[in-house]
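Participant: Quick one: the structure is below, questions incoming.
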Amino acid sequence: MAENESLENVVTETRVSMWQQMYKTEDWWAIWLAGLLFIIALFFIFTWKPPVEKLPEHRAVMNQEMEEAGFRTIAYIEAEAKLKSVQARKEGLTATIYNLTDRPKGWNTNPIRSVYMSEEDAAAKRAAAAPRYEETQMRLAEVRARAEAAENAARAANFENRELNDEARAAIADWRQARSADSKAKSAANAKAYNLIPSLIVLGIIMMVFFAIGARFIGINLREFFTGFPIIFVMAALAYLISNQATLKAIGLSYVLWALALGLIISNTVGVPKFLKSAGQTEFFIKTGLVLLGARILFGQIALIGIPGIFVTWVVTPIVLISTFWFGQNVIKVPSKELNITVSSDMCVSGVSAAIASAAASRAKKEELTLAIGMSMIFVAIMIFVLPLIANVTGMHPVLAGAWLGGTVDNTGSVVAAGELIGMEAMYVAATIKMIQNIMIGVIAFGVAAYWCLKVEPERACAVDGTTPMKFTAAGALYEIWYRFPKFILGFIGASIIFSIMQGAVSPDWGNAMVSDGVLAWANRFRGWFFALAFVSIGLSINYRELKEPLRGGKPLILYVCGQSFNLLLTLFVAWLMFMVIFRNITDQLMAGA
Amino acid sequence: MRLAIAVFLVAGFIYLAPNLEYLPGGVGHTITVIRESGIDTGAWYYDNVEECFEGMDFVREKRGLE
């Protein structure tokens with residue numbers, strides 16, 4: 001009985017035959033449903049195609065300007081803006097569905113603004129923003145004239161006069177800044193009334209029907225699912241709404257935390273009725289979201305900063321992960337290996353996303369995942385302030401500081417925020433390093449799943465009826481890996497490989513317009529909602545007393561602090577060695593013109 | 001009753017959140033800087049963090065990869 005209860009609380013798969021698994025388990029249904037979403041998205045983007053035939057035209061202008069001038073001219077920047085505006089997600093029904101997945105908007109003091117703005121309020125906002133917009137327009141015209149004059153002067157000298165080129169560059173940089181300010185002012189000056197409530201209702205219904213398809217085969221009581229799902233969806237929307245309060249957003253308290261908190265509040269106060277438990281299909285939501293996540297992991301980005309970037313991310317990160325896991329097992333003796341690997345991955349790869357992938361791959365308990373995420377968010381909030389302070393006080397080189405932040409701060413948004421506090425170069429390097437490190441999530445999830453199959457729980461490797469433990473043989477091992485391997489990880493890796501190949505096979509511009517700003521834009525929005533649903537479900541299934549158990553002795557905390565300290569030191573050392581000593585030329589390239 | 005207390009605490013925290021920007025020791029100022037920059041600090045990488053794309057463009061441009 002106790003064993004059954006503990007199994008209920010584990011991210012797990014049911015032991016059934018392979019064919020049955022294919023239509024009866026969440027793992028496979030996560031793949032089928034994510035695949036269905038990709039197919040629908042592909043159908044939509046090819047039916048309502050953006051003007052991709054104009055892409056070569058814009059690119060030709062950019063190439064020609066770059067060839068002539070050697071820097072970004074006004075014509076280059078305008079062509080680039082046109083090129084980037086070609087996005088499949090803005091066309092026809094693709095745009096309708098994309099807009100339907102809109103999350104509640106940002107707000108300062110009035111939460112209603114997050115989902116509703118009346119025509120009167122919009123008019124008041126437009127009126128308030130109008131003077132500023134006029135001002136930015138005037139400034140833009142003035143700066144543009146200066147930039148044109150400077151560029152014309154440089155062009156008249158065939159871009160061979162270095163001084164004139166530098167003047168033109170500086171004037172164009174001013175114009176770009178003015179453009180950006182004008183664009184923000186324009187958006188406020190054109191504020192429109194909105195009401196997200198109807199679209200949220202339609203989105204909730206679409207997602208409910210979407211998951212009900214799989215739920216029917218998995219054996220979930222559909223009546224209870226349909227009764228409970230709307231409540232979970234409303235809580236997920238509420239989590240988004242709270243997280244979009246401007247100050248909370250700035251300190252990184254994301255919807256994940258609020259979704260967990262809202263679920264925990266309900267489960268620990270009024271309790272969770274049976275229909276809500278039936279609707280809170282954590283594993284189903286998480287695994288479907290993870291397969292969609294795979295598509296965003298594009299291997300083509302690995303080489304962006306060359307060897308130093310690869311060292312800081314793909315060498316340091318696995319070393320820290322394995323060392324932290326070893327330390328947890330052998331030195332502080334964390335009682336649960338699943339908790340250990342979830343905290344270790346969360347801490348050294350990319351926070352919440354890696355924690356989810358590792359927890360699902362190792363079948364960690366929900367409270368273990370919750371604990372790992374909670375600790376990560378607290379430490380990230382501290383690191384956002386402390387690391388830039390250290391970098392600024394010590395006068396750290398911006399590229400080194402960026403590489404350090406990108407390799408150590410958990411969440412991508414937090415990396416950007418911390419980088420912003422140092423400077424533009426640091427922020428861009430940090431963001432790029434983080435993007436390269438994020439690609440590791442798939443590899444880590446695969447490795448954890450394989451390790452768990454073969455080493456941690458060898459008793460899983462038994463006969464299909466689950467009765468006779470069998471010894472590993474070379475012949476049996478592969479079958480067992482295949483049999484026991486969490487299949488959604490295959491979907492996750494498969495999506496990553498397919499979309500990496502797709503991006504690589506077409507021109508980068510076409511890939512951006514149709515894949516990144518088409519299929520993946522759709523997938524990203526849905527994935528966010530699926531994870532929000534999953535975290536509400538996790539909160540609903542946890543009693544706060546259960547959180548005390550993994551926290552006993554403060555071991556997860558010690559693990560996190562020790563692992564993160566090691567991560568900070570090793571990343572700093574390797575980043576220094578790579579960017580400041582061995583590959584100084586790359587650092588100089590990145591700082592050129594700064 | 002417990003639900004009411006929990007809701008009150010969460011609502012109170014959210015209501016008072018803007019006051020975090022008045023925290024001393026530079027913390028409040030830092031929060032203001034991040035808020036005004038419009039960065040979504042809690043975003044994951046798949047949330048299409050605009051600065052990440054700008055960062056990759058920046059690196060490509062500087063390294064002559066485009």
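Every chain in the structure tokens takes a letter, A first, then B, and so on in the order presented; its residues are numbered from 1, and the ligands are numbered from 1 following the presented order.
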Counting only C-alpha atoms, give me one row per residue of chain A with an atom at most 7 Å from an atom of chain B, showing the shortest contact pair and its distance in Å to one decimal, sorted by chain then residue number, as CSV.

Facilitator:
```
residue,atom,partner,partner_atom,distance
A:Ala246,CA,B:Arg35,CA,6.4
A:Thr247,CA,B:Pro18,CA,5.6
A:Leu248,CA,B:Ala17,CA,6.6
A:Lys249,CA,B:Asp40,CA,5.9
A:Ala250,CA,B:Arg35,CA,4.9
A:Ile251,CA,B:Thr41,CA,6.3
A:Gly252,CA,B:Gly42,CA,3.9
A:Leu253,CA,B:Gly42,CA,5.9
A:Ser254,CA,B:Gly42,CA,4.7
A:Ile265,CA,B:Ala6,CA,6.6
A:Thr269,CA,B:Leu3,CA,5.2
A:Val270,CA,B:Leu3,CA,6.6
A:Arg296,CA,B:Tyr46,CA,6.5
A:Leu304,CA,B:Arg60,CA,6.9
A:Asn411,CA,B:Trp44,CA,5.8
A:Thr412,CA,B:Tyr45,CA,5.2
A:Gly413,CA,B:Thr41,CA,4.1
A:Ser414,CA,B:Thr41,CA,4.5
A:Val416,CA,B:Glu51,CA,6.9
A:Ala417,CA,B:Thr41,CA,5.9
A:Tyr428,CA,B:Gly55,CA,3.9
A:Val429,CA,B:Gly55,CA,6.4
A:Ala431,CA,B:Cys52,CA,5.0
A:Thr432,CA,B:Met56,CA,5.5
A:Asn524,CA,B:Tyr46,CA,6.0
A:Gln589,CA,B:Lys62,CA,5.8
A:Leu590,CA,B:Lys62,CA,5.3
```

Participant: Please produce a file of those selected residues containing C-alpha atoms, as a compact mmCIF listing (two decimals), in the first residue's frame.

Facilitator:
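Wrote part-v4.txt, looks like this:
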```txt
# COMPACT_ATOMS: atom_id res chain seq x y z
CA ALA A 246 6.55 44.66 -13.37
CA THR A 247 8.64 44.42 -10.19
CA LEU A 248 8.08 40.69 -9.70
CA LYS A 249 9.05 40.18 -13.33
CA ALA A 250 12.25 42.17 -12.80
CA ILE A 251 13.35 39.97 -9.89
CA GLY A 252 12.60 36.80 -11.83
CA LEU A 253 9.72 35.33 -9.84
CA SER A 254 8.35 33.55 -12.86
CA ILE A 265 -2.20 26.86 -1.36
CA THR A 269 -5.86 24.59 2.78
CA VAL A 270 -9.14 23.40 1.30
CA ARG A 296 13.95 24.65 -29.70
CA LEU A 304 28.87 30.51 -32.24
CA ASN A 411 17.68 31.00 -16.04
CA THR A 412 18.19 32.58 -19.46
CA GLY A 413 16.21 35.71 -18.56
CA SER A 414 18.23 36.11 -15.39
CA VAL A 416 20.34 38.65 -19.58
CA ALA A 417 19.30 40.77 -16.59
CA TYR A 428 25.29 39.63 -25.38
CA VAL A 429 28.15 37.25 -24.59
CA ALA A 431 23.10 35.38 -23.50
CA THR A 432 24.96 33.57 -26.27
CA ASN A 524 7.03 27.87 -27.56
CA GLN A 589 36.89 40.38 -32.08
CA LEU A 590 33.91 40.60 -29.74
```

Participant: Going by DSSP on the backbone, which residues of chain B come out as alpha helix (DSSP H)? List them as a PyMOL selection string.

Facilitator: chain B and resi 2-16+27-37+50-63

Participant: What is the atom CA of Trp107 of chain A to atom CA of Phe285 of chain A distance in Å?

Facilitator: 27.8 Å

Participant: Excluding segment 173-188 of chain A and its own-chain neighbours fewer than 2 positions away, which residues fall within 12 Å of it when counting only C-alpha atoms? Please give them as a ChimeraX atom specification.

Facilitator: /A:71-74,76-78,81,122-151,166-171,190-193,593-594 /B:37-38

Participant: Store the residues picked out above in a file with N, CA and C atoms, as a compact mmCIF listing (two decimals), in the first residue's frame.

Facilitator:
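Contents of the output file part_13.txt:
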```txt
# COMPACT_ATOMS: atom_id res chain seq x y z
N PHE A 71 30.54 48.13 -42.90
CA PHE A 71 29.77 48.26 -41.65
C PHE A 71 28.29 48.40 -42.00
N ARG A 72 27.47 48.41 -40.97
CA ARG A 72 26.02 48.45 -41.20
C ARG A 72 25.57 49.86 -41.56
N THR A 73 25.19 50.04 -42.80
CA THR A 73 24.73 51.35 -43.26
C THR A 73 23.23 51.48 -42.99
N ILE A 74 22.69 52.64 -43.33
CA ILE A 74 21.24 52.85 -43.13
C ILE A 74 20.44 51.87 -43.98
N TYR A 76 21.38 49.01 -45.04
CA TYR A 76 21.56 47.67 -44.48
C TYR A 76 20.54 47.45 -43.35
N ILE A 77 20.51 48.42 -42.45
CA ILE A 77 19.64 48.28 -41.27
C ILE A 77 18.16 48.22 -41.68
N GLU A 78 17.81 49.04 -42.67
CA GLU A 78 16.40 49.01 -43.11
C GLU A 78 16.06 47.69 -43.79
N ALA A 81 15.65 45.08 -41.13
CA ALA A 81 14.36 45.18 -40.45
C ALA A 81 13.26 44.54 -41.29
N ALA A 122 -7.47 52.94 -23.07
CA ALA A 122 -6.51 52.93 -24.19
C ALA A 122 -6.34 54.35 -24.73
N ALA A 123 -7.47 55.08 -24.82
CA ALA A 123 -7.41 56.46 -25.33
C ALA A 123 -6.58 57.33 -24.39
N ALA A 124 -6.78 57.11 -23.09
CA ALA A 124 -6.03 57.89 -22.10
C ALA A 124 -4.53 57.57 -22.23
N LYS A 125 -4.23 56.29 -22.45
CA LYS A 125 -2.82 55.88 -22.58
C LYS A 125 -2.21 56.50 -23.85
N ARG A 126 -3.01 56.49 -24.92
CA ARG A 126 -2.53 57.08 -26.19
C ARG A 126 -2.25 58.57 -26.01
N ALA A 127 -3.21 59.23 -25.32
CA ALA A 127 -3.06 60.68 -25.12
C ALA A 127 -1.82 60.98 -24.29
N ALA A 128 -1.61 60.15 -23.25
CA ALA A 128 -0.46 60.37 -22.38
C ALA A 128 0.86 60.13 -23.12
N ALA A 129 0.81 59.19 -24.06
CA ALA A 129 2.06 58.83 -24.75
C ALA A 129 2.33 59.71 -25.97
N ALA A 130 1.30 60.46 -26.42
CA ALA A 130 1.44 61.23 -27.66
C ALA A 130 2.59 62.25 -27.64
N PRO A 131 2.71 63.07 -26.56
CA PRO A 131 3.80 64.05 -26.58
C PRO A 131 5.17 63.39 -26.69
N ARG A 132 5.33 62.28 -25.97
CA ARG A 132 6.63 61.57 -26.00
C ARG A 132 6.90 61.04 -27.41
N TYR A 133 5.84 60.56 -28.06
CA TYR A 133 6.00 60.01 -29.41
C TYR A 133 6.40 61.12 -30.39
N GLU A 134 5.75 62.27 -30.23
CA GLU A 134 6.10 63.41 -31.09
C GLU A 134 7.58 63.78 -30.92
N GLU A 135 7.96 63.78 -29.66
CA GLU A 135 9.36 64.11 -29.32
C GLU A 135 10.33 63.11 -29.98
N THR A 136 10.02 61.80 -29.83
CA THR A 136 10.93 60.78 -30.39
C THR A 136 10.94 60.84 -31.91
N GLN A 137 9.78 61.21 -32.51
CA GLN A 137 9.73 61.32 -33.97
C GLN A 137 10.64 62.45 -34.47
N MET A 138 10.53 63.59 -33.74
CA MET A 138 11.37 64.73 -34.12
C MET A 138 12.84 64.39 -33.99
N ARG A 139 13.15 63.75 -32.86
CA ARG A 139 14.56 63.37 -32.62
C ARG A 139 15.03 62.39 -33.69
N LEU A 140 14.13 61.46 -34.05
CA LEU A 140 14.49 60.45 -35.04
C LEU A 140 14.82 61.10 -36.39
N ALA A 141 13.95 62.08 -36.79
CA ALA A 141 14.17 62.74 -38.07
C ALA A 141 15.52 63.49 -38.07
N GLU A 142 15.77 64.12 -36.92
CA GLU A 142 17.01 64.90 -36.78
C GLU A 142 18.24 63.97 -36.86
N VAL A 143 18.19 62.89 -36.09
CA VAL A 143 19.33 61.97 -36.03
C VAL A 143 19.51 61.25 -37.36
N ARG A 144 18.39 60.97 -38.01
CA ARG A 144 18.45 60.29 -39.31
C ARG A 144 19.17 61.18 -40.34
N ALA A 145 18.81 62.47 -40.31
CA ALA A 145 19.45 63.41 -41.25
C ALA A 145 20.96 63.44 -41.03
N ARG A 146 21.35 63.44 -39.74
CA ARG A 146 22.78 63.46 -39.42
C ARG A 146 23.46 62.16 -39.90
N ALA A 147 22.78 61.05 -39.67
CA ALA A 147 23.34 59.75 -40.06
C ALA A 147 23.49 59.68 -41.57
N GLU A 148 22.47 60.20 -42.30
CA GLU A 148 22.52 60.18 -43.77
C GLU A 148 23.68 61.02 -44.27
N ALA A 149 23.82 62.20 -43.65
CA ALA A 149 24.90 63.11 -44.07
C ALA A 149 26.25 62.46 -43.85
N ALA A 150 26.41 61.84 -42.66
CA ALA A 150 27.70 61.21 -42.33
C ALA A 150 27.96 60.03 -43.26
N GLU A 151 26.91 59.28 -43.54
CA GLU A 151 27.10 58.11 -44.42
C GLU A 151 27.43 58.56 -45.84
N ASP A 166 34.24 56.12 -39.29
CA ASP A 166 33.95 56.09 -37.86
C ASP A 166 32.84 57.08 -37.51
N GLU A 167 32.87 58.24 -38.14
CA GLU A 167 31.81 59.22 -37.89
C GLU A 167 30.45 58.68 -38.34
N ALA A 168 30.47 58.05 -39.51
CA ALA A 168 29.22 57.48 -40.03
C ALA A 168 28.70 56.38 -39.11
N ARG A 169 29.60 55.52 -38.67
CA ARG A 169 29.23 54.43 -37.75
C ARG A 169 28.56 54.98 -36.49
N ALA A 170 29.22 56.01 -35.92
CA ALA A 170 28.70 56.59 -34.67
C ALA A 170 27.33 57.23 -34.91
N ALA A 171 27.19 57.95 -36.03
CA ALA A 171 25.91 58.61 -36.32
C ALA A 171 24.81 57.57 -36.55
N ASN A 190 0.11 54.11 -29.80
CA ASN A 190 -0.92 53.41 -30.58
C ASN A 190 -1.64 52.35 -29.74
N ALA A 191 -1.61 52.52 -28.42
CA ALA A 191 -2.22 51.51 -27.53
C ALA A 191 -3.67 51.24 -27.95
N LYS A 192 -3.99 49.97 -27.99
CA LYS A 192 -5.36 49.60 -28.38
C LYS A 192 -6.05 48.90 -27.22
N ALA A 193 -7.36 48.99 -27.21
CA ALA A 193 -8.13 48.29 -26.18
C ALA A 193 -7.98 46.79 -26.41
N GLY A 593 35.47 47.80 -31.77
CA GLY A 593 34.55 48.94 -31.94
C GLY A 593 33.87 49.37 -30.65
N ALA A 594 34.14 48.65 -29.53
CA ALA A 594 33.46 49.00 -28.27
C ALA A 594 34.15 50.17 -27.60
N SER B 37 14.52 48.24 -18.06
CA SER B 37 15.10 47.68 -19.29
C SER B 37 14.09 46.76 -20.00
N GLY B 38 13.05 46.37 -19.26
CA GLY B 38 12.01 45.53 -19.87
C GLY B 38 12.40 44.07 -20.00
```

Participant: Would you mind listing what lies within 12 Å of segment 399-402 of chain A as a VMD selection string, with only C-alpha atoms counted and same-chain residues fewer than 5 positions away left out?

Facilitator: (chain A and resid 305 308 to 309 312 387 to 394 407 to 409 415 to 434 568 571 to 581 583 to 592 594) or (chain B and resid 55 59)

Participant: Would you mind exporting the chosen residues as a compact mmCIF listing (two decimals), in the first residue's frame, restricted to C-alpha atoms?

Facilitator:
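Result written to again.txt:
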```txt
# COMPACT_ATOMS: atom_id res chain seq x y z
CA ILE A 305 31.70 31.58 -29.93
CA PRO A 308 36.15 28.95 -25.79
CA GLY A 309 32.36 28.94 -25.78
CA VAL A 312 32.81 27.06 -20.90
CA LEU A 387 27.72 38.47 -9.69
CA PRO A 388 27.43 41.76 -11.63
CA LEU A 389 28.52 43.57 -8.47
CA ILE A 390 31.67 41.40 -8.26
CA ALA A 391 32.33 41.87 -11.96
CA ASN A 392 31.90 45.65 -11.76
CA VAL A 393 33.89 46.11 -8.55
CA THR A 394 36.82 44.01 -9.79
CA GLY A 407 27.87 29.60 -17.63
CA THR A 408 26.64 29.93 -14.06
CA VAL A 409 23.35 31.83 -13.67
CA VAL A 415 21.47 35.79 -17.35
CA VAL A 416 20.34 38.65 -19.58
CA ALA A 417 19.30 40.77 -16.59
CA ALA A 418 22.64 40.19 -14.82
CA GLY A 419 24.52 40.97 -18.05
CA GLU A 420 22.56 44.19 -18.48
CA LEU A 421 23.95 45.36 -15.15
CA ILE A 422 27.49 45.09 -16.54
CA GLY A 423 27.11 46.34 -20.10
CA MET A 424 26.01 45.52 -23.61
CA GLU A 425 28.96 43.29 -24.58
CA ALA A 426 28.72 41.31 -21.33
CA MET A 427 24.98 40.86 -21.79
CA TYR A 428 25.29 39.63 -25.38
CA VAL A 429 28.15 37.25 -24.59
CA ALA A 430 26.30 35.95 -21.52
CA ALA A 431 23.10 35.38 -23.50
CA THR A 432 24.96 33.57 -26.27
CA ILE A 433 26.90 31.35 -23.85
CA LYS A 434 23.63 30.49 -22.13
CA LEU A 568 31.37 29.63 -10.12
CA THR A 571 33.62 28.50 -14.87
CA LEU A 572 35.50 31.67 -13.97
CA PHE A 573 38.84 29.89 -14.30
CA VAL A 574 38.02 28.22 -17.62
CA ALA A 575 36.42 31.40 -19.01
CA TRP A 576 39.54 33.36 -18.04
CA LEU A 577 41.84 30.72 -19.55
CA MET A 578 39.84 30.52 -22.77
CA PHE A 579 38.81 34.14 -23.37
CA MET A 580 41.71 36.01 -21.79
CA VAL A 581 44.69 33.75 -22.40
CA PHE A 583 41.73 32.64 -27.44
CA ARG A 584 42.31 36.31 -26.77
CA ASN A 585 41.75 36.99 -30.48
CA ILE A 586 38.08 35.98 -30.14
CA THR A 587 37.70 38.31 -27.16
CA ASP A 588 39.25 41.12 -29.18
CA GLN A 589 36.89 40.38 -32.08
CA LEU A 590 33.91 40.60 -29.74
CA MET A 591 35.12 43.89 -28.30
CA ALA A 592 36.04 45.46 -31.65
CA ALA A 594 33.46 49.00 -28.27
CA GLY B 55 23.30 38.57 -28.56
CA VAL B 59 28.45 37.56 -31.86
```

Participant: Interatomic distance between atom CA of Arg527 of chain A and atom CA of Val291 of chain A?

Facilitator: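 We find that atom CA of Arg527 of chain A and atom CA of Val291 of chain A lie 9.0 Å from each other.
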
Participant: Taking only C-alpha atoms into account, name the residue in A:Leu369, A:Ala157, A:Ala279, A:Ala34 that is nearest to Ala215 of chain A.

Facilitator: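 Among the listed residues, the smallest separation from Ala215 of chain A belongs to A:Ala279.
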
Participant: Between atom CA of Trp258 of chain A and atom CA of Asn244 of chain A, what distance in Å does the model show, to one decimal?

Facilitator: 10.7 Å

Participant: For a quick check of understanding, using only C-alpha atoms, which of A:Val561, A:Ala69, A:Gly294, A:Leu196 has the smallest distance to Met383 of chain A?

Facilitator: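 Of A:Val561, A:Ala69, A:Gly294, A:Leu196, the one nearest Met383 of chain A, counting only C-alpha atoms, is A:Val561.
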
Participant: If we count only C-alpha atoms, what is near Arg545 of chain A at a cut-off of 12 Å, once residues fewer than 5 positions away on the same chain are taken out, given as a list in words?

Facilitator: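 Using only C-alpha atoms, the neighbours found are Leu264, Ser267, Asn268, Glu367, Pro550, Leu551 and Arg552 of chain A.
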